[in-house]
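> Hey, dropping my_file_3.txt in here, compact mmCIF, C-alpha atoms:
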```txt
# COMPACT_ATOMS: atom_id res chain seq x y z
CA MET A 1 0.00 0.00 0.00
CA GLU A 2 2.71 2.48 1.00
CA ILE A 3 4.81 1.49 -2.01
CA LEU A 4 1.85 2.06 -4.35
CA ILE A 5 1.22 5.50 -2.87
CA SER A 6 4.91 6.43 -3.16
CA ILE A 7 5.01 5.35 -6.82
CA LEU A 8 1.91 7.42 -7.62
CA ILE A 9 3.39 10.51 -5.95
CA PHE A 10 6.60 9.96 -7.93
CA ILE A 11 4.61 9.95 -11.19
CA MET A 12 2.98 13.19 -10.04
CA ILE A 13 6.41 14.79 -9.56
CA ILE A 14 7.49 13.74 -13.08
CA ALA A 15 4.27 15.15 -14.61
CA ALA A 16 4.74 18.42 -12.72
CA LEU A 17 8.31 18.77 -13.99
CA ILE A 18 7.17 18.08 -17.57
CA SER A 19 4.41 20.67 -17.30
CA LEU A 20 6.91 23.26 -16.08
CA GLU A 21 9.68 22.60 -18.60
CA ILE A 22 7.77 21.94 -21.86
CA LYS A 23 7.61 24.81 -24.38
CA ASP A 24 4.06 24.49 -25.70
CA LEU A 25 1.45 25.97 -23.35
CA LEU A 26 -1.35 23.58 -24.32
CA SER A 27 0.80 20.49 -23.60
CA SER A 28 1.78 22.00 -20.29
CA VAL A 29 -1.89 22.45 -19.28
CA VAL A 30 -2.70 18.86 -20.25
CA SER A 31 0.24 17.63 -18.20
CA LEU A 32 -1.09 19.63 -15.24
CA ALA A 33 -4.39 17.76 -15.64
CA ALA A 34 -2.45 14.49 -15.27
CA VAL A 35 -1.17 15.75 -11.91
CA GLY A 36 -4.72 16.51 -10.73
CA LEU A 37 -6.23 13.23 -11.87
CA ILE A 38 -3.52 11.14 -10.18
CA LEU A 39 -4.25 13.22 -7.07
CA THR A 40 -7.90 12.09 -7.31
CA LEU A 41 -6.76 8.46 -7.44
CA LEU A 42 -4.59 9.03 -4.37
CA PHE A 43 -7.52 10.53 -2.43
CA LEU A 44 -9.55 7.41 -3.22
CA LEU A 45 -6.72 5.14 -2.06
CA LEU A 46 -6.34 7.15 1.15
CA GLN A 47 -10.05 6.58 2.00
CA ALA A 48 -11.35 10.10 1.34
CA PRO A 49 -14.23 9.75 -1.17
CA ASP A 50 -15.71 13.18 -0.36
CA VAL A 51 -12.49 14.98 -1.23
CA ALA A 52 -11.95 12.78 -4.30
CA ILE A 53 -15.27 13.79 -5.88
CA VAL A 54 -14.63 17.50 -5.32
CA GLN A 55 -11.05 17.29 -6.63
CA PHE A 56 -12.14 15.43 -9.78
CA VAL A 57 -14.84 17.96 -10.66
CA VAL A 58 -12.68 21.00 -9.85
CA GLU A 59 -9.85 19.61 -11.99
CA ILE A 60 -12.15 19.34 -15.02
CA LEU A 61 -13.50 22.88 -14.57
CA SER A 62 -10.04 24.42 -14.16
CA LEU A 63 -8.82 22.45 -17.21
CA VAL A 64 -11.64 23.91 -19.33
CA ILE A 65 -10.86 27.43 -18.11
CA LEU A 66 -7.09 27.15 -18.65
CA ILE A 67 -7.49 25.70 -22.16
CA ARG A 68 -10.02 28.43 -23.11
CA ALA A 69 -7.54 31.04 -21.88
CA THR A 70 -4.41 29.68 -23.59
CA ILE A 71 -5.70 28.35 -26.90
CA ILE A 72 -6.18 31.70 -28.67
CA ARG A 73 -3.03 33.50 -27.58
CA ASP A 74 0.11 33.05 -29.62
CA ASP A 75 2.90 31.60 -27.55
CA SER A 76 6.13 32.11 -29.42
CA VAL A 77 7.62 34.72 -27.11
CA TYR A 78 9.06 32.86 -24.18
CA ASP A 79 12.13 30.78 -23.59
CA ARG A 80 14.45 33.41 -24.90
CA LYS A 81 17.96 33.14 -23.50
CA TYR A 82 18.59 35.19 -20.38
CA ASP A 83 22.09 33.90 -19.70
CA ARG A 84 23.36 35.57 -16.57
CA LYS A 85 20.07 36.59 -14.94
CA SER A 86 18.50 33.18 -15.47
CA PHE A 87 21.56 31.54 -13.88
CA ILE A 88 21.17 33.73 -10.78
CA TYR A 89 17.47 32.87 -10.55
CA ARG A 90 18.22 29.16 -10.71
CA ILE A 91 20.90 29.40 -8.01
CA SER A 92 18.57 31.35 -5.70
CA ALA A 93 15.80 28.80 -6.26
CA LEU A 94 18.16 25.99 -5.33
CA PHE A 95 19.20 27.93 -2.22
CA CYS A 96 15.54 28.35 -1.11
CA VAL A 97 14.83 24.66 -1.67
CA ILE A 98 17.86 23.58 0.37
CA ILE A 99 16.93 25.83 3.30
CA PHE A 100 13.37 24.50 3.29
CA LEU A 101 14.61 20.92 3.03
CA ILE A 102 16.73 21.33 6.19
CA PHE A 103 13.68 22.55 8.13
CA VAL A 104 11.59 19.69 6.77
CA ILE A 105 14.08 17.05 7.88
CA ILE A 106 14.25 18.61 11.34
CA SER A 107 10.46 18.72 11.71
CA LEU A 108 9.75 15.25 10.30
CA LYS A 109 10.88 13.69 13.58
CA ASN A 110 7.86 15.18 15.37
CA LEU A 111 5.30 13.70 12.96
CA PRO A 112 3.84 10.23 13.43
CA PRO A 113 5.13 7.70 10.86
CA PHE A 114 2.90 7.25 7.82
CA GLY A 115 -0.22 5.19 8.57
CA THR A 116 -0.05 5.31 12.37
CA LYS A 117 -2.14 8.39 13.15
CA ILE A 118 -3.46 8.42 16.71
CA TYR A 119 -6.80 10.13 17.32
CA ASN A 120 -6.73 13.34 19.27
CA LYS A 121 -9.63 14.38 21.49
CA LEU A 122 -11.48 16.22 18.69
CA ALA A 123 -11.52 13.39 16.15
CA ASP A 124 -12.48 10.93 18.87
CA TYR A 125 -15.47 13.08 19.85
CA TYR A 126 -16.62 13.48 16.25
CA ILE A 127 -16.45 9.75 15.52
CA LYS A 128 -18.31 8.72 18.65
CA ASN A 129 -21.08 11.34 18.76
CA THR A 130 -21.91 12.31 15.16
CA ILE A 131 -25.04 10.16 14.81
CA ASN A 132 -26.41 11.11 18.23
CA ASP A 133 -25.71 14.84 17.82
CA THR A 134 -26.70 15.55 14.23
CA GLY A 135 -28.40 12.50 12.73
CA ALA A 136 -26.14 12.59 9.67
CA VAL A 137 -24.26 9.50 8.53
CA ASP A 138 -21.41 11.22 6.68
CA ILE A 139 -19.01 12.57 9.30
CA VAL A 140 -17.34 15.04 6.91
CA ALA A 141 -20.69 16.63 5.95
CA ALA A 142 -21.61 16.85 9.63
CA ILE A 143 -18.36 18.66 10.43
CA ILE A 144 -18.65 21.12 7.53
CA LEU A 145 -22.31 22.06 7.90
CA ASN A 146 -23.18 21.46 11.53
CA TYR A 147 -20.23 21.50 13.93
CA ARG A 148 -18.19 24.07 11.99
CA ALA A 149 -20.84 25.81 9.87
CA TYR A 150 -19.48 29.21 10.90
CA ASP A 151 -16.24 28.27 9.14
CA THR A 152 -18.18 27.46 5.97
CA LEU A 153 -19.90 30.86 6.11
CA GLY A 154 -16.48 32.53 6.09
CA GLU A 155 -15.41 30.31 3.22
CA ALA A 156 -18.49 31.35 1.23
CA THR A 157 -17.51 34.99 1.81
CA VAL A 158 -13.98 34.37 0.49
CA LEU A 159 -15.39 32.65 -2.60
CA PHE A 160 -17.80 35.53 -3.22
CA THR A 161 -14.98 38.06 -2.96
CA ALA A 162 -12.70 36.17 -5.36
CA ILE A 163 -15.41 35.81 -8.00
CA LEU A 164 -16.39 39.48 -7.58
CA GLY A 165 -12.75 40.39 -8.25
CA ALA A 166 -12.64 38.26 -11.40
CA VAL A 167 -15.89 39.75 -12.74
CA LEU A 168 -14.65 43.27 -12.00
CA VAL A 169 -11.33 42.72 -13.76
CA LEU A 170 -13.06 41.28 -16.85
CA ARG A 171 -15.68 44.05 -17.09
CA LYS A 172 -16.80 44.56 -20.67
CA ILE A 173 -15.62 48.06 -21.62
CA GLY A 174 -13.90 50.49 -19.32
CA ARG A 175 -15.84 53.62 -18.52
CA LEU A 176 -13.08 55.93 -19.77
CA ARG A 177 -12.89 54.31 -23.19
CA ASN A 178 -16.66 54.56 -23.56
CA GLU A 179 -16.61 58.32 -23.07
CA ARG A 180 -13.95 58.85 -25.68
CA MET B 1 13.54 6.68 6.75
CA PHE B 2 11.29 4.41 4.69
CA LYS B 3 8.37 5.22 6.99
CA TYR B 4 8.55 8.88 6.02
CA LEU B 5 8.98 8.30 2.26
CA ALA B 6 5.45 9.43 1.34
CA TYR B 7 5.84 12.70 3.27
CA ILE B 8 9.21 13.45 1.68
CA LEU B 9 7.93 12.80 -1.86
CA CYS B 10 4.89 15.01 -1.21
CA LEU B 11 7.13 17.86 -0.01
CA THR B 12 9.33 17.39 -3.08
CA LEU B 13 6.23 18.06 -5.18
CA PHE B 14 5.78 21.29 -3.19
CA PHE B 15 9.38 22.29 -3.94
CA VAL B 16 8.84 21.67 -7.66
CA GLY B 17 6.07 24.29 -7.51
CA LEU B 18 8.32 26.69 -5.57
CA TYR B 19 11.08 26.28 -8.17
CA GLY B 20 8.58 27.12 -10.92
CA ILE B 21 7.44 30.31 -9.21
CA ILE B 22 10.99 31.59 -8.75
CA VAL B 23 12.53 30.62 -12.10
CA LYS B 24 9.82 30.81 -14.79
CA LYS B 25 9.24 33.99 -16.80
CA ASN B 26 5.86 33.13 -18.32
CA LEU B 27 2.75 34.24 -16.41
CA PHE B 28 0.86 31.04 -17.21
CA LYS B 29 3.76 28.90 -16.00
CA ILE B 30 3.61 30.78 -12.69
CA ILE B 31 -0.13 30.07 -12.39
CA ILE B 32 0.55 26.39 -13.09
CA SER B 33 3.21 26.33 -10.34
CA PHE B 34 0.65 27.82 -7.93
CA ILE B 35 -1.77 25.01 -8.73
CA ILE B 36 0.94 22.37 -8.21
CA MET B 37 1.79 23.81 -4.78
CA GLU B 38 -1.89 23.79 -3.82
CA ASN B 39 -2.25 20.13 -4.81
CA ALA B 40 0.82 19.16 -2.79
CA LEU B 41 -0.49 20.89 0.34
CA ASN B 42 -3.92 19.22 0.07
CA LEU B 43 -2.26 15.83 -0.38
CA PHE B 44 -0.09 16.41 2.69
CA PHE B 45 -3.13 17.04 4.90
CA ILE B 46 -4.83 13.85 3.74
CA LEU B 47 -1.62 11.83 4.19
CA LEU B 48 -1.42 13.02 7.80
CA GLY B 49 -4.89 11.69 8.62
CA TYR B 50 -4.44 8.21 7.14
CA ARG B 51 -4.45 5.08 9.32
CA LYS B 52 -3.43 1.63 8.22
CA SER B 53 -6.33 -0.66 7.15
CA ALA B 54 -8.97 1.88 8.18
CA THR B 55 -12.29 2.61 6.48
CA PHE B 56 -13.73 5.86 5.08
CA PRO B 57 -15.55 8.21 7.51
CA ILE B 58 -19.09 7.26 6.49
CA PHE B 59 -21.23 4.93 8.59
CA LEU B 60 -22.89 2.02 6.79
CA LYS B 61 -26.11 0.16 7.64
CA ASN B 62 -25.76 -2.89 9.89
CA ILE B 63 -21.96 -2.86 9.89
CA GLU B 64 -19.93 -2.01 12.98
CA GLN B 65 -16.97 0.26 12.17
CA THR B 66 -14.34 0.98 14.77
CA ASN B 67 -11.18 1.82 12.79
CA ILE B 68 -11.94 5.01 10.88
CA VAL B 69 -9.69 7.53 9.09
CA ASP B 70 -9.35 10.91 10.84
CA PRO B 71 -12.21 13.07 9.41
CA VAL B 72 -11.00 16.54 10.48
CA PRO B 73 -8.28 17.09 7.81
CA GLN B 74 -10.70 15.93 5.11
CA ALA B 75 -13.26 18.54 6.15
CA LEU B 76 -10.59 21.25 6.07
CA VAL B 77 -9.24 20.24 2.65
CA LEU B 78 -12.73 20.14 1.08
CA THR B 79 -13.23 23.89 1.43
CA SER B 80 -9.61 24.65 0.54
CA ILE B 81 -9.98 23.00 -2.89
CA VAL B 82 -12.97 25.16 -3.88
CA ILE B 83 -11.21 28.33 -2.72
CA GLY B 84 -8.23 27.29 -4.84
CA LEU B 85 -10.44 27.09 -7.93
CA SER B 86 -11.84 30.59 -7.45
CA VAL B 87 -8.35 32.01 -6.85
CA THR B 88 -7.21 30.32 -10.07
CA ILE B 89 -10.05 32.05 -11.95
CA LEU B 90 -8.98 35.40 -10.48
CA MET B 91 -5.34 34.85 -11.54
CA VAL B 92 -6.36 33.87 -15.08
CA ALA B 93 -8.52 37.01 -15.33
CA ILE B 94 -5.63 39.28 -14.31
CA ALA B 95 -3.28 37.48 -16.72
CA LEU B 96 -5.71 38.02 -19.62
CA ARG B 97 -5.98 41.74 -18.81
CA ILE B 98 -2.18 42.01 -18.78
CA TYR B 99 -2.06 40.25 -22.16
CA GLU B 100 -4.58 42.70 -23.59
CA LYS B 101 -2.50 45.67 -22.45
CA TYR B 102 1.06 44.51 -23.25
CA LYS B 103 0.47 41.74 -25.88
CA THR B 104 2.78 39.35 -24.04
CA PHE B 105 2.92 36.96 -21.08
CA ASP B 106 6.62 37.58 -20.42
CA ILE B 107 7.06 39.28 -17.05
CA THR B 108 10.43 40.87 -17.87
CA GLU B 109 8.92 42.53 -20.97
CA ILE B 110 6.10 43.92 -18.82
CA LYS B 111 8.61 45.43 -16.43
CA ASN B 112 10.52 47.05 -19.29
CA LEU B 113 7.45 48.62 -20.88
CA LYS B 114 6.43 50.29 -17.66
CA GLY B 115 9.26 52.79 -18.04
CA MET C 1 -14.46 28.93 -42.31
CA LYS C 2 -17.61 28.87 -40.25
CA ASP C 3 -18.47 31.40 -37.60
CA LYS C 4 -17.06 30.38 -34.23
CA ASN C 5 -20.13 31.37 -32.23
CA SER C 6 -22.45 28.87 -33.90
CA GLY C 7 -21.03 25.89 -32.02
CA MET C 8 -19.83 22.46 -33.06
CA THR C 9 -21.12 19.89 -35.57
CA LEU C 10 -24.54 18.21 -35.66
CA ILE C 11 -23.26 15.00 -34.00
CA VAL C 12 -21.94 16.85 -30.97
CA LYS C 13 -25.19 18.84 -30.65
CA THR C 14 -27.34 15.67 -30.72
CA VAL C 15 -25.22 13.89 -28.12
CA THR C 16 -25.30 17.02 -25.94
CA ARG C 17 -29.11 17.10 -26.08
CA TRP C 18 -29.21 13.55 -24.73
CA THR C 19 -26.59 13.88 -21.98
CA VAL C 20 -27.05 17.33 -20.46
CA LEU C 21 -30.13 16.46 -18.43
CA LEU C 22 -28.45 13.33 -17.06
CA ILE C 23 -25.42 15.34 -15.90
CA MET C 24 -27.67 17.90 -14.19
CA LEU C 25 -29.68 15.13 -12.51
CA TYR C 26 -26.46 13.60 -11.17
CA GLY C 27 -25.50 16.96 -9.69
CA PHE C 28 -28.85 17.23 -7.91
CA TYR C 29 -28.51 13.64 -6.64
CA ILE C 30 -25.06 14.35 -5.20
CA THR C 31 -26.40 17.45 -3.46
CA PHE C 32 -29.55 15.93 -1.99
CA PHE C 33 -27.80 12.80 -0.66
CA GLY C 34 -24.85 14.72 0.79
CA HIS C 35 -25.50 13.59 4.35
CA LEU C 36 -25.96 9.92 3.44
CA GLY C 37 -22.93 9.37 1.23
CA PRO C 38 -19.95 11.07 -0.36
CA GLY C 39 -20.66 14.41 -2.01
CA GLY C 40 -22.38 17.58 -0.91
CA GLY C 41 -23.09 21.11 -1.96
CA PHE C 42 -19.64 21.96 -3.32
CA ALA C 43 -19.37 18.97 -5.67
CA GLY C 44 -23.04 19.13 -6.72
CA GLY C 45 -22.85 22.83 -7.56
CA ILE C 46 -19.81 22.41 -9.77
CA ILE C 47 -21.39 19.42 -11.57
CA VAL C 48 -24.50 21.50 -12.33
CA VAL C 49 -22.27 24.25 -13.75
CA LEU C 50 -20.40 21.72 -15.87
CA SER C 51 -23.69 20.85 -17.57
CA PHE C 52 -24.19 24.54 -18.45
CA ILE C 53 -20.60 24.73 -19.73
CA HIS C 54 -21.29 21.64 -21.83
CA ILE C 55 -24.13 23.53 -23.53
CA ILE C 56 -21.94 26.62 -24.01
CA LEU C 57 -19.14 24.64 -25.67
CA ALA C 58 -21.45 22.64 -27.93
CA TYR C 59 -24.01 25.24 -29.03
CA GLY C 60 -21.93 28.43 -28.89
CA LYS C 61 -22.19 31.19 -26.34
CA ASP C 62 -25.17 33.05 -27.80
CA PHE C 63 -27.52 30.15 -27.09
CA VAL C 64 -26.95 30.43 -23.33
CA VAL C 65 -26.36 34.17 -22.98
CA LYS C 66 -29.85 34.81 -24.37
CA LYS C 67 -31.37 32.92 -21.41
CA ILE C 68 -28.92 33.44 -18.55
CA ASN C 69 -26.63 36.44 -18.85
CA GLU C 70 -24.02 37.22 -16.25
CA ASN C 71 -26.26 39.63 -14.33
CA ILE C 72 -28.90 36.96 -13.67
CA ALA C 73 -26.16 34.49 -12.65
CA GLY C 74 -24.79 37.06 -10.20
CA ILE C 75 -28.24 37.66 -8.70
CA LEU C 76 -28.78 33.90 -8.24
CA GLU C 77 -25.35 33.59 -6.60
CA THR C 78 -26.15 36.25 -4.01
CA THR C 79 -29.53 34.54 -3.45
CA GLY C 80 -27.69 31.35 -2.48
CA GLY C 81 -25.44 33.22 -0.07
CA LEU C 82 -28.40 34.97 1.55
CA LEU C 83 -30.23 31.62 1.86
CA PHE C 84 -27.30 30.19 3.81
CA LEU C 85 -27.24 33.26 6.06
CA THR C 86 -31.01 32.97 6.60
CA ILE C 87 -30.59 29.40 7.85
CA ALA C 88 -27.98 30.65 10.31
CA ILE C 89 -30.20 33.50 11.56
CA LEU C 90 -33.25 31.22 11.92
CA GLY C 91 -31.11 29.24 14.34
CA LEU C 92 -30.58 32.46 16.30
CA PHE C 93 -34.31 32.64 17.09
CA THR C 94 -34.26 29.24 18.80
CA GLY C 95 -31.01 29.73 20.69
CA ILE C 96 -27.59 30.15 19.13
CA PHE C 97 -26.22 31.02 15.69
CA PHE C 98 -26.39 27.95 13.39
CA LYS C 99 -28.45 25.97 15.91
CA ASP C 100 -30.10 22.86 14.50
CA PHE C 101 -33.76 23.93 14.59
CA LEU C 102 -35.22 21.15 12.45
CA GLY C 103 -34.52 18.12 14.59
CA LYS C 104 -32.62 14.97 13.81
CA GLY C 105 -35.29 12.78 12.23
CA LYS C 106 -34.83 9.12 11.40
CA VAL C 107 -31.27 8.07 10.63
CA PHE C 108 -30.61 6.79 7.06
CA SER C 109 -33.64 8.58 5.54
CA ILE C 110 -33.50 11.60 3.20
CA PHE C 111 -35.33 14.07 5.46
CA SER C 112 -33.03 13.73 8.43
CA ALA C 113 -29.98 15.46 9.84
CA GLY C 114 -31.64 18.84 10.45
CA ILE C 115 -30.08 21.85 8.71
CA ILE C 116 -27.57 19.88 6.65
CA LEU C 117 -29.94 19.30 3.71
CA PRO C 118 -31.12 22.96 3.27
CA ALA C 119 -27.57 24.22 3.82
CA ASN C 120 -26.34 21.85 1.10
CA ILE C 121 -28.94 23.23 -1.32
CA ALA C 122 -27.98 26.84 -0.49
CA ILE C 123 -24.28 26.11 -1.04
CA MET C 124 -25.07 24.37 -4.35
CA ILE C 125 -26.80 27.53 -5.65
CA LYS C 126 -24.01 29.76 -4.34
CA VAL C 127 -21.01 27.84 -5.69
CA GLY C 128 -22.69 26.83 -8.95
CA PHE C 129 -23.90 30.19 -10.16
CA GLY C 130 -20.77 31.95 -8.88
CA MET C 131 -18.58 29.79 -11.10
CA LEU C 132 -21.06 30.20 -13.99
CA SER C 133 -20.92 34.00 -13.81
CA ALA C 134 -17.11 33.98 -13.77
CA PHE C 135 -16.99 31.60 -16.75
CA LEU C 136 -19.49 33.70 -18.73
CA CYS C 137 -17.38 36.80 -18.10
CA LEU C 138 -14.24 34.99 -19.33
CA ILE C 139 -15.99 33.88 -22.55
CA LEU C 140 -17.55 37.29 -23.25
CA PHE C 141 -14.16 38.94 -22.67
CA SER C 142 -12.25 36.71 -25.10
CA SER C 143 -14.91 36.96 -27.83
CA GLN C 144 -14.92 40.74 -27.50
CA GLN C 145 -11.13 40.76 -27.82
CA GLU C 146 -11.41 38.86 -31.10
CA GLU C 147 -13.86 41.45 -32.43
CA ASN C 148 -11.46 44.23 -31.53
CA LYS C 149 -8.70 42.40 -33.40
CA LYS C 150 -10.90 42.13 -36.51
CA LYS C 151 -11.64 45.87 -36.45
CA GLU C 152 -7.98 46.77 -36.35
```
Produce structure tokens that represent the structure in this file.


Amino acid sequence: MEILISILIFIMIIAALISLEIKDLLSSVVSLAAVGLILTLLFLLLQAPDVAIVQFVVEILSLVILIRATIIRDDSVYDRKYDRKSFIYRISALFCVIIFLIFVIISLKNLPPFGTKIYNKLADYYIKNTINDTGAVDIVAAIILNYRAYDTLGEATVLFTAILGAVLVLRKIGRLRNER
Amino acid sequence: MFKYLAYILCLTLFFVGLYGIIVKKNLFKIIISFIIMENALNLFFILLGYRKSATFPIFLKNIEQTNIVDPVPQALVLTSIVIGLSVTILMVAIALRIYEKYKTFDITEIKNLKG
Amino acid sequence: MKDKNSGMTLIVKTVTRWTVLLIMLYGFYITFFGHLGPGGGFAGGIIVVLSFIHIILAYGKDFVVKKINENIAGILETTGGLLFLTIAILGLFTGIFFKDFLGKGKVFSIFSAGIILPANIAIMIKVGFGMLSAFLCLILFSSQQEENKKKE
């Protein structure tokens, strides 16, 4: 089981690298979709069907939006040679990654090994009392909409604000240009 | 070390996204790196809640379930995915506006044209 | 070369006519059974929007924009948000914010689990029409850009 999960994550890494390094934008978006669909498979293997459904649907919608956005624009401009500057960027990226990696290796000792999660008080309470408290069978739905519904209200506000921003940015014609 | 292999691979995926944000010059490549980092974070939360040979957090009729996966990280990730989609739409909208103004996705060109 | 706004070929249009209602029905199923199985308002809302996007891609944008333009989608989105807030405030009358005022009901039946079912429906309307309005704006923007290019 752990070996299967590790192999799938390794394929995800390879697909992510391909989608970053390939020249054509459309191929890069399709490769990104491979990352998301393998992620859906992993959620199913890790016993999270709720999250798997949402991830699958969101991946398809974002794929449609990204392809609509990239397919019309001509993409011959990038990947020009920036010799010295590009070298400095790469070195600084490597530096960042190494610093983060040191912190990760230090903090991994405090995590439980993979597959041996011990319940804390909160998860224990939710598992024992969900049916008696709410009457729902799905524990995740009970947490989102009954125990922590206030959290979901805030989330709905964030979503509303982000979509409002997108609609405002894509407004049909600017007011100034109309007057001219 | 083998016990932590899944965590380390998941964090490597996160670093691939970080590398893309720092190095790439194309606006769409930067958006793609953002999405990769998001996916890696969501996967890390779910990996933390997994227990060996446990069942999904939904009760079934007439079956006694005692060993259940931790449901709290799943509830947190569920809302995070939808927020990620709306943020992606916002980023694409801003990138299209920039393309309309400067006719390019290259961020160094945009900096030069500003004057 | 045909006009881009008139949609795809006859085969695609026929298949779309058969499948769109099934996709929408699946979205409603996922929403209404959110407390009995995997799924819920978020997934159901996005599936309902995907059926609309299916129509837009197959028949061209004018077919949908005539019926639902982005203003109506925005109004429906705010309606969903207000519905969710109304459920929260109705709980305030019986005690606390977001209190379960409907009662538990019989476990494993559809009309159980109190406020989870109406809250799922409210979130479906909110998420679904929010994404639809953003997508309509993206499509209108890119088609308008093409027109500008033709004029120049």

> Taking 3 positions as the minimum chain separation for residues in the same chain, which residues sit within 7 Å of stretch 69-76 of chain C when counting all atoms listed in the file? Answer as a list in words.

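That gives Val65, Lys66, Thr79, Gly80, Phe129, Gly130, Leu132, Ser133, Leu136 and Cys137 of chain C.
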
> Would you give me, as a count of residues only, the residues of chain B that come within 12 Å of chain C, using only C-alpha atoms?

32

> Got a sec to pull out which chain A residues are within 10 Å of chain C, counting all atoms listed in the file, and send them as JSON, numbers by chain?

{"A": [48, 49, 50, 51, 52, 53, 54, 55, 56, 57, 58, 60, 61, 64, 65, 68, 69, 72, 131, 132, 133, 134, 135, 136, 137, 138, 139, 140, 141, 142, 144, 145, 146, 147, 148, 149, 150, 152, 153, 156, 157, 159, 160, 162, 163, 164, 165, 166, 167, 168, 169, 170, 171, 172, 173]}

> Using all atoms listed in the file, list the residues that have an atom at most 12 Å from (4.9, 8.1, -8.5), coordinates as in the file, as a ChimeraX atom specification.

/A:2-16,34-35,38-39,41-42 /B:5-6,9-10,12-13

> The centre and edge lengths of an axis-aligned box containing all atoms of stretch 91-105 of chain A present in the file, extended by 4 Å on each side, are to be given in Å to one decimal, as lines of an AutoDock Vina configuration file.


```
center_x = 16.2
center_y = 24.2
center_z = 0.1
size_x = 17.3
size_y = 22.3
size_z = 24.1
```

> Interatomic distance between atom CA of A:Tyr89 and atom CA of B:Thr108?

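These atoms are spaced 12.9 Å apart.
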
> Smallest atom-to-atom distance to chain A: which of B:Arg51, B:Asn39, B:Phe44, B:Phe34, using all atoms listed in the file?

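With all atoms listed in the file as the atom set, the closest residue is B:Arg51.
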
> Check the smallest atom-to-atom distance from each of B:Leu41, B:Thr66, B:Asn112, B:Lys52 to chain A using all atoms listed in the file, then report the winner.

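Of B:Leu41, B:Thr66, B:Asn112, B:Lys52, the one nearest chain A is B:Lys52, counting all atoms listed in the file.
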
> Between B:Asn42, B:Glu64, B:Phe2, B:Gly49, which one has atoms that come closest to chain A, using all atoms listed in the file?

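So, comparing all the options, the nearest one is B:Gly49.
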
> When you draw a straight line from atom CA of B:Pro73 to atom CA of A:Ile106, how long is it in Å?

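Atom-to-atom, atom CA of B:Pro73 to atom CA of A:Ile106, that is 22.9 Å.
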
> For the atom pair atom CA of A:Leu20 and atom CA of B:Glu109, what is the interatomic distance in Å to one decimal place?

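Those two atoms sit 20.0 Å apart.
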
> Because some atoms of stretch 30-41 of chain B are absent here, can you restore N, CA and C atoms and send them as a compact mmCIF listing (two decimals), in the frame of the given file?


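And here is the file that came out, part-v4.txt:
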```txt
# COMPACT_ATOMS: atom_id res chain seq x y z
N ILE B 30 3.66 30.45 -14.12
CA ILE B 30 3.61 30.78 -12.69
C ILE B 30 2.27 30.33 -12.11
N ILE B 31 1.18 30.53 -12.88
CA ILE B 31 -0.13 30.07 -12.39
C ILE B 31 -0.13 28.56 -12.22
N ILE B 32 0.50 27.85 -13.17
CA ILE B 32 0.55 26.39 -13.09
C ILE B 32 1.35 25.95 -11.86
N SER B 33 2.44 26.68 -11.54
CA SER B 33 3.21 26.33 -10.34
C SER B 33 2.38 26.53 -9.08
N PHE B 34 1.54 27.61 -9.08
CA PHE B 34 0.65 27.82 -7.93
C PHE B 34 -0.26 26.62 -7.74
N ILE B 35 -0.83 26.12 -8.85
CA ILE B 35 -1.77 25.01 -8.73
C ILE B 35 -1.06 23.76 -8.22
N ILE B 36 0.20 23.56 -8.67
CA ILE B 36 0.94 22.37 -8.21
C ILE B 36 1.19 22.46 -6.71
N MET B 37 1.56 23.66 -6.21
CA MET B 37 1.79 23.81 -4.78
C MET B 37 0.53 23.54 -3.97
N GLU B 38 -0.61 24.02 -4.49
CA GLU B 38 -1.89 23.79 -3.82
C GLU B 38 -2.18 22.31 -3.69
N ASN B 39 -1.97 21.57 -4.82
CA ASN B 39 -2.25 20.13 -4.81
C ASN B 39 -1.37 19.42 -3.80
N ALA B 40 -0.09 19.82 -3.72
CA ALA B 40 0.82 19.16 -2.79
C ALA B 40 0.39 19.39 -1.35
N LEU B 41 -0.06 20.62 -1.04
CA LEU B 41 -0.49 20.89 0.34
C LEU B 41 -1.72 20.07 0.70
```
